[in-house]
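Student: Contents of coords08.txt (compact mmCIF, N, CA and C atoms):
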```
# COMPACT_ATOMS: atom_id res chain seq x y z
N MET A 764 119.48 80.86 113.88
CA MET A 764 120.56 79.92 114.03
C MET A 764 121.61 80.12 112.93
N LEU A 765 121.15 80.31 111.69
CA LEU A 765 122.09 80.52 110.59
C LEU A 765 122.86 81.83 110.77
N CYS A 766 122.17 82.88 111.23
CA CYS A 766 122.84 84.17 111.45
C CYS A 766 123.93 84.03 112.50
N HIS A 767 123.63 83.31 113.56
CA HIS A 767 124.64 83.11 114.62
C HIS A 767 125.84 82.35 114.07
N ARG A 768 125.59 81.34 113.25
CA ARG A 768 126.67 80.56 112.67
C ARG A 768 127.55 81.42 111.77
N VAL A 769 126.92 82.30 110.99
CA VAL A 769 127.67 83.20 110.12
C VAL A 769 128.51 84.16 110.96
N GLN A 770 127.92 84.67 112.05
CA GLN A 770 128.65 85.61 112.90
C GLN A 770 129.84 84.96 113.59
N THR A 771 129.72 83.70 113.95
CA THR A 771 130.81 83.05 114.67
C THR A 771 131.85 82.41 113.75
N CYS A 772 131.41 81.87 112.60
CA CYS A 772 132.33 81.13 111.73
C CYS A 772 132.60 81.79 110.39
N GLY A 773 131.77 82.76 109.99
CA GLY A 773 131.94 83.41 108.70
C GLY A 773 130.96 82.86 107.67
N SER A 774 130.70 83.66 106.65
CA SER A 774 129.69 83.30 105.65
C SER A 774 130.10 82.11 104.78
N GLU A 775 131.41 81.84 104.68
CA GLU A 775 131.83 80.73 103.84
C GLU A 775 131.33 79.38 104.37
N VAL A 776 130.96 79.32 105.66
CA VAL A 776 130.42 78.09 106.23
C VAL A 776 129.03 77.80 105.68
N ILE A 777 128.26 78.86 105.41
CA ILE A 777 126.88 78.71 104.97
C ILE A 777 126.74 78.72 103.46
N LEU A 778 127.50 79.56 102.78
CA LEU A 778 127.33 79.72 101.34
C LEU A 778 127.70 78.45 100.59
N SER A 779 126.85 78.10 99.62
CA SER A 779 127.11 76.91 98.81
C SER A 779 127.85 77.30 97.54
N ASP A 780 128.33 76.31 96.83
CA ASP A 780 128.98 76.56 95.54
C ASP A 780 127.93 77.03 94.54
N PRO A 781 128.24 78.04 93.74
CA PRO A 781 127.26 78.54 92.77
C PRO A 781 126.91 77.47 91.74
N SER A 782 125.62 77.39 91.45
CA SER A 782 125.14 76.44 90.45
C SER A 782 124.42 77.22 89.37
N PRO A 783 124.85 77.14 88.11
CA PRO A 783 124.22 77.94 87.05
C PRO A 783 122.78 77.53 86.75
N SER A 784 122.41 76.31 87.08
CA SER A 784 121.06 75.85 86.73
C SER A 784 120.02 76.14 87.81
N GLU A 785 120.45 76.47 89.01
CA GLU A 785 119.52 76.69 90.12
C GLU A 785 119.54 78.14 90.57
N LYS A 786 118.42 78.56 91.16
CA LYS A 786 118.37 79.89 91.76
C LYS A 786 119.12 79.87 93.09
N THR A 787 119.67 81.01 93.45
CA THR A 787 120.34 81.14 94.74
C THR A 787 119.27 81.15 95.83
N PRO A 788 119.44 80.34 96.87
CA PRO A 788 118.45 80.33 97.97
C PRO A 788 118.32 81.70 98.61
N PHE A 789 117.12 81.96 99.16
CA PHE A 789 116.83 83.27 99.76
C PHE A 789 117.86 83.65 100.81
N PHE A 790 118.20 82.74 101.73
CA PHE A 790 119.11 83.10 102.82
C PHE A 790 120.47 83.51 102.28
N GLU A 791 120.96 82.81 101.27
CA GLU A 791 122.25 83.17 100.70
C GLU A 791 122.21 84.55 100.05
N THR A 792 121.12 84.85 99.36
CA THR A 792 120.97 86.18 98.74
C THR A 792 120.93 87.25 99.82
N TRP A 793 120.13 87.02 100.87
CA TRP A 793 120.04 87.98 101.98
C TRP A 793 121.39 88.14 102.66
N LEU A 794 122.08 87.04 102.87
CA LEU A 794 123.38 87.06 103.54
C LEU A 794 124.38 87.91 102.77
N GLN A 795 124.40 87.75 101.47
CA GLN A 795 125.37 88.48 100.65
C GLN A 795 125.04 89.97 100.54
N THR A 796 123.76 90.35 100.65
CA THR A 796 123.39 91.75 100.47
C THR A 796 123.11 92.51 101.77
N CYS A 797 122.69 91.82 102.83
CA CYS A 797 122.22 92.52 104.02
C CYS A 797 122.94 92.18 105.32
N MET A 798 123.65 91.09 105.39
CA MET A 798 124.28 90.67 106.65
C MET A 798 125.62 91.36 106.83
N PRO A 799 125.78 92.14 107.90
CA PRO A 799 127.07 92.79 108.12
C PRO A 799 128.13 91.77 108.57
N GLU A 800 129.32 91.90 108.02
CA GLU A 800 130.46 91.08 108.42
C GLU A 800 131.70 91.96 108.43
N GLU A 801 132.75 91.49 109.08
CA GLU A 801 134.00 92.25 109.10
C GLU A 801 134.52 92.39 107.67
N SER A 802 135.09 93.53 107.39
CA SER A 802 135.69 93.86 106.09
C SER A 802 134.73 93.71 104.92
N LYS A 803 133.43 93.90 105.17
CA LYS A 803 132.43 93.81 104.10
C LYS A 803 131.65 95.11 104.07
N THR A 804 131.59 95.76 102.93
CA THR A 804 130.86 97.00 102.78
C THR A 804 129.49 96.70 102.20
N LEU A 805 128.45 97.21 102.85
CA LEU A 805 127.08 96.99 102.39
C LEU A 805 126.56 98.23 101.67
N ASN A 806 125.64 98.02 100.76
CA ASN A 806 125.02 99.11 100.00
C ASN A 806 123.85 99.67 100.83
N PRO A 807 123.97 100.90 101.35
CA PRO A 807 122.89 101.44 102.19
C PRO A 807 121.61 101.73 101.41
N ASP A 808 121.66 101.74 100.09
CA ASP A 808 120.47 101.99 99.28
C ASP A 808 119.71 100.72 98.94
N HIS A 809 120.20 99.57 99.40
CA HIS A 809 119.52 98.31 99.11
C HIS A 809 118.15 98.29 99.81
N PRO A 810 117.14 97.68 99.19
CA PRO A 810 115.79 97.66 99.79
C PRO A 810 115.72 97.04 101.18
N CYS A 811 116.64 96.15 101.52
CA CYS A 811 116.56 95.54 102.85
C CYS A 811 116.89 96.53 103.97
N PHE A 812 117.42 97.70 103.64
CA PHE A 812 117.73 98.72 104.63
C PHE A 812 116.69 99.84 104.67
N ARG A 813 115.70 99.77 103.81
CA ARG A 813 114.66 100.81 103.81
C ARG A 813 113.54 100.40 104.76
N MET A 814 113.17 101.31 105.62
CA MET A 814 112.08 101.00 106.54
C MET A 814 110.80 101.68 106.09
N GLU A 815 109.72 101.03 106.36
CA GLU A 815 108.42 101.61 106.09
C GLU A 815 107.87 102.12 107.42
N SER A 816 107.64 103.41 107.52
CA SER A 816 107.26 104.00 108.80
C SER A 816 105.98 103.39 109.37
N GLY A 817 105.04 103.03 108.51
CA GLY A 817 103.80 102.40 108.99
C GLY A 817 104.06 101.07 109.67
N LYS A 818 104.96 100.27 109.10
CA LYS A 818 105.28 98.98 109.70
C LYS A 818 106.05 99.15 111.00
N VAL A 819 106.93 100.14 111.04
CA VAL A 819 107.69 100.40 112.27
C VAL A 819 106.75 100.84 113.38
N GLU A 820 105.82 101.74 113.07
CA GLU A 820 104.85 102.20 114.07
C GLU A 820 103.97 101.06 114.55
N SER A 821 103.55 100.18 113.64
CA SER A 821 102.74 99.02 114.03
C SER A 821 103.51 98.09 114.96
N LEU A 822 104.78 97.86 114.65
CA LEU A 822 105.60 97.00 115.50
C LEU A 822 105.79 97.61 116.88
N VAL A 823 106.06 98.90 116.95
CA VAL A 823 106.23 99.58 118.24
C VAL A 823 104.94 99.51 119.04
N ALA A 824 103.80 99.73 118.38
CA ALA A 824 102.51 99.66 119.07
C ALA A 824 102.27 98.24 119.59
N LEU A 825 102.60 97.24 118.79
CA LEU A 825 102.43 95.86 119.21
C LEU A 825 103.31 95.53 120.41
N LEU A 826 104.55 95.99 120.39
CA LEU A 826 105.46 95.73 121.50
C LEU A 826 105.04 96.47 122.76
N ASN A 827 104.43 97.65 122.61
CA ASN A 827 103.97 98.41 123.78
C ASN A 827 102.71 97.83 124.39
N ASN A 828 101.94 97.07 123.60
CA ASN A 828 100.70 96.48 124.08
C ASN A 828 100.93 95.01 124.37
N ALA A 829 101.34 94.69 125.58
CA ALA A 829 101.74 93.33 125.95
C ALA A 829 100.60 92.32 125.86
N THR A 830 99.35 92.76 125.85
CA THR A 830 98.24 91.80 125.81
C THR A 830 98.11 91.12 124.46
N GLU A 831 98.64 91.73 123.40
CA GLU A 831 98.52 91.14 122.08
C GLU A 831 99.70 90.24 121.72
N ILE A 832 100.75 90.25 122.51
CA ILE A 832 101.90 89.40 122.23
C ILE A 832 101.67 88.06 122.90
N LYS A 833 101.71 87.00 122.12
CA LYS A 833 101.56 85.65 122.67
C LYS A 833 102.92 85.04 122.83
N LEU A 834 103.27 84.74 124.06
CA LEU A 834 104.54 84.10 124.34
C LEU A 834 104.34 82.60 124.42
N VAL A 835 104.99 81.89 123.54
CA VAL A 835 104.82 80.44 123.51
C VAL A 835 106.11 79.78 123.96
```
Could you write out this structure as C-alpha cells?

Tutor:
Amino acid sequence: MLCHRVQTCGSEVILSDPSPSEKTPFFETWLQTCMPEESKTLNPDHPCFRMESGKVESLVALLNNATEIKLV
C-alpha cells in the first residue's frame, strides 16, 4: 500500500520530517535507497539490489510447486 502511494503521489507524501533523536523508520530508509522514482538515481551496488542465487532458486522452486503455496 505504501509503495503504491509513493508511486502515485511521490515520496514526499510518506517521508516524515527528520528527527535527530529518533532512528529513521525501516520503510523510509528502504524508500530512500531502493525505491525507483522519476529523476532519482539509485546506487546499483547497494545490498538491496544484490540477489542470493540460493534464495532465488528456492523461490522459483516454490512458485513452480503449486501444492506448497497456500492461498488465503

Student: Using the chain letters and numbers from this document, which residues of chain A does DSSP assign to alpha helix (DSSP H), as a count of residues only?

Tutor: 29

Student: Pick from A:Glu785, A:Leu765, A:Ser821, A:Cys811: nearest to Cys797 (chain A), with all atoms listed in the file counted?

Tutor: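 Of all the options, A:Cys811 lies closest to Cys797 (chain A).
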
Student: Excluding Phe790 (chain A) and any residue of its chain fewer than 4 positions from it, enumerate the residues within 8 Å of it, using only N, CA and C atoms, and give them as a ChimeraX atom specification.

Tutor: /A:777-778,794-796

Student: Distance CA of Asn828 (chain A)-atom C of Pro810 (chain A), one decimal place?

Tutor: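 So the two atoms, CA of Asn828 (chain A) and atom C of Pro810 (chain A), lie 27.4 Å apart.
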
Student: What does the structure give for the distance between CA of Phe789 (chain A) and atom N of Ser802 (chain A), in Å to one decimal?

Tutor: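 Separation of CA of Phe789 (chain A) and atom N of Ser802 (chain A): 22.3 Å.
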
Student: With 6 Å added on each side, what axis-aligned box encloses every listed atom of region 783-802 of chain A? Give the centre and edge lengths in Å to one decimal, as JSON.

Tutor:
```
{"center_x": 126.3, "center_y": 84.9, "center_z": 97.9, "size_x": 30.9, "size_y": 30.0, "size_z": 34.4}
```

Student: Hey, can you check how far CA of Lys818 (chain A) sits from CA of Pro788 (chain A)?

Tutor: 25.7 Å

Student: Hey, could you patch up region 767-778 of chain A with all heavy atoms and hand it over as a PDB file, keeping the file's coordinate frame?

Tutor:
```
ATOM      1  N   HIS A 767     123.630  83.310 113.560  1.00  0.00           N
ATOM      2  CA  HIS A 767     124.640  83.110 114.620  1.00  0.00           C
ATOM      3  C   HIS A 767     125.840  82.350 114.070  1.00  0.00           C
ATOM      4  O   HIS A 767     126.985  82.691 114.354  1.00  0.00           O
ATOM      5  CB  HIS A 767     124.021  82.342 115.789  1.00  0.00           C
ATOM      6  CG  HIS A 767     125.020  82.004 116.848  1.00  0.00           C
ATOM      7  ND1 HIS A 767     125.579  82.950 117.675  1.00  0.00           N
ATOM      8  CD2 HIS A 767     125.583  80.816 117.189  1.00  0.00           C
ATOM      9  CE1 HIS A 767     126.429  82.358 118.498  1.00  0.00           C
ATOM     10  NE2 HIS A 767     126.455  81.068 118.215  1.00  0.00           N
ATOM     11  N   ARG A 768     125.590  81.340 113.250  1.00  0.00           N
ATOM     12  CA  ARG A 768     126.670  80.560 112.670  1.00  0.00           C
ATOM     13  C   ARG A 768     127.550  81.420 111.770  1.00  0.00           C
ATOM     14  O   ARG A 768     128.774  81.320 111.788  1.00  0.00           O
ATOM     15  CB  ARG A 768     126.097  79.386 111.887  1.00  0.00           C
ATOM     16  CG  ARG A 768     127.103  78.386 111.464  1.00  0.00           C
ATOM     17  CD  ARG A 768     127.918  78.024 112.648  1.00  0.00           C
ATOM     18  NE  ARG A 768     127.984  76.596 112.806  1.00  0.00           N
ATOM     19  CZ  ARG A 768     128.593  76.053 113.826  1.00  0.00           C
ATOM     20  NH1 ARG A 768     129.140  76.801 114.740  1.00  0.00           N
ATOM     21  NH2 ARG A 768     128.659  74.776 113.947  1.00  0.00           N
ATOM     22  N   VAL A 769     126.920  82.300 110.990  1.00  0.00           N
ATOM     23  CA  VAL A 769     127.670  83.200 110.120  1.00  0.00           C
ATOM     24  C   VAL A 769     128.510  84.160 110.960  1.00  0.00           C
ATOM     25  O   VAL A 769     129.664  84.432 110.648  1.00  0.00           O
ATOM     26  CB  VAL A 769     126.731  83.977 109.177  1.00  0.00           C
ATOM     27  CG1 VAL A 769     127.454  85.100 108.467  1.00  0.00           C
ATOM     28  CG2 VAL A 769     126.110  83.022 108.161  1.00  0.00           C
ATOM     29  N   GLN A 770     127.920  84.670 112.050  1.00  0.00           N
ATOM     30  CA  GLN A 770     128.650  85.610 112.900  1.00  0.00           C
ATOM     31  C   GLN A 770     129.840  84.960 113.590  1.00  0.00           C
ATOM     32  O   GLN A 770     130.858  85.595 113.793  1.00  0.00           O
ATOM     33  CB  GLN A 770     127.713  86.214 113.939  1.00  0.00           C
ATOM     34  CG  GLN A 770     126.706  87.165 113.336  1.00  0.00           C
ATOM     35  CD  GLN A 770     125.651  87.600 114.334  1.00  0.00           C
ATOM     36  OE1 GLN A 770     125.411  86.934 115.339  1.00  0.00           O
ATOM     37  NE2 GLN A 770     125.014  88.719 114.053  1.00  0.00           N
ATOM     38  N   THR A 771     129.720  83.700 113.950  1.00  0.00           N
ATOM     39  CA  THR A 771     130.810  83.050 114.670  1.00  0.00           C
ATOM     40  C   THR A 771     131.850  82.410 113.750  1.00  0.00           C
ATOM     41  O   THR A 771     133.033  82.403 114.068  1.00  0.00           O
ATOM     42  CB  THR A 771     130.279  81.981 115.652  1.00  0.00           C
ATOM     43  OG1 THR A 771     129.495  81.041 114.932  1.00  0.00           O
ATOM     44  CG2 THR A 771     129.466  82.606 116.751  1.00  0.00           C
ATOM     45  N   CYS A 772     131.410  81.870 112.600  1.00  0.00           N
ATOM     46  CA  CYS A 772     132.330  81.130 111.730  1.00  0.00           C
ATOM     47  C   CYS A 772     132.600  81.790 110.390  1.00  0.00           C
ATOM     48  O   CYS A 772     133.516  81.386 109.679  1.00  0.00           O
ATOM     49  CB  CYS A 772     131.786  79.730 111.480  1.00  0.00           C
ATOM     50  SG  CYS A 772     131.598  78.770 112.974  1.00  0.00           S
ATOM     51  N   GLY A 773     131.770  82.760 109.990  1.00  0.00           N
ATOM     52  CA  GLY A 773     131.940  83.410 108.700  1.00  0.00           C
ATOM     53  C   GLY A 773     130.960  82.860 107.670  1.00  0.00           C
ATOM     54  O   GLY A 773     130.449  81.749 107.789  1.00  0.00           O
ATOM     55  N   SER A 774     130.700  83.660 106.650  1.00  0.00           N
ATOM     56  CA  SER A 774     129.690  83.300 105.650  1.00  0.00           C
ATOM     57  C   SER A 774     130.100  82.110 104.780  1.00  0.00           C
ATOM     58  O   SER A 774     129.251  81.413 104.238  1.00  0.00           O
ATOM     59  CB  SER A 774     129.365  84.493 104.758  1.00  0.00           C
ATOM     60  OG  SER A 774     130.536  84.950 104.112  1.00  0.00           O
ATOM     61  N   GLU A 775     131.410  81.840 104.680  1.00  0.00           N
ATOM     62  CA  GLU A 775     131.830  80.730 103.840  1.00  0.00           C
ATOM     63  C   GLU A 775     131.330  79.380 104.370  1.00  0.00           C
ATOM     64  O   GLU A 775     131.258  78.406 103.631  1.00  0.00           O
ATOM     65  CB  GLU A 775     133.359  80.709 103.670  1.00  0.00           C
ATOM     66  CG  GLU A 775     134.139  80.543 104.947  1.00  0.00           C
ATOM     67  CD  GLU A 775     134.378  81.850 105.693  1.00  0.00           C
ATOM     68  OE1 GLU A 775     133.983  82.917 105.210  1.00  0.00           O
ATOM     69  OE2 GLU A 775     134.966  81.784 106.782  1.00  0.00           O
ATOM     70  N   VAL A 776     130.960  79.320 105.660  1.00  0.00           N
ATOM     71  CA  VAL A 776     130.420  78.090 106.230  1.00  0.00           C
ATOM     72  C   VAL A 776     129.030  77.800 105.680  1.00  0.00           C
ATOM     73  O   VAL A 776     128.659  76.657 105.457  1.00  0.00           O
ATOM     74  CB  VAL A 776     130.353  78.204 107.775  1.00  0.00           C
ATOM     75  CG1 VAL A 776     129.629  77.031 108.400  1.00  0.00           C
ATOM     76  CG2 VAL A 776     131.749  78.336 108.337  1.00  0.00           C
ATOM     77  N   ILE A 777     128.260  78.860 105.410  1.00  0.00           N
ATOM     78  CA  ILE A 777     126.880  78.710 104.970  1.00  0.00           C
ATOM     79  C   ILE A 777     126.740  78.720 103.460  1.00  0.00           C
ATOM     80  O   ILE A 777     125.943  77.974 102.899  1.00  0.00           O
ATOM     81  CB  ILE A 777     126.006  79.854 105.563  1.00  0.00           C
ATOM     82  CG1 ILE A 777     126.057  79.820 107.092  1.00  0.00           C
ATOM     83  CG2 ILE A 777     124.587  79.798 105.072  1.00  0.00           C
ATOM     84  CD1 ILE A 777     125.466  78.595 107.723  1.00  0.00           C
ATOM     85  N   LEU A 778     127.500  79.560 102.780  1.00  0.00           N
ATOM     86  CA  LEU A 778     127.330  79.720 101.340  1.00  0.00           C
ATOM     87  C   LEU A 778     127.700  78.450 100.590  1.00  0.00           C
ATOM     88  O   LEU A 778     128.709  77.822 100.852  1.00  0.00           O
ATOM     89  CB  LEU A 778     128.170  80.893 100.835  1.00  0.00           C
ATOM     90  CG  LEU A 778     127.811  82.254 101.414  1.00  0.00           C
ATOM     91  CD1 LEU A 778     128.771  83.312 100.916  1.00  0.00           C
ATOM     92  CD2 LEU A 778     126.388  82.628 101.063  1.00  0.00           C
TER      93      LEU A 778
END
```
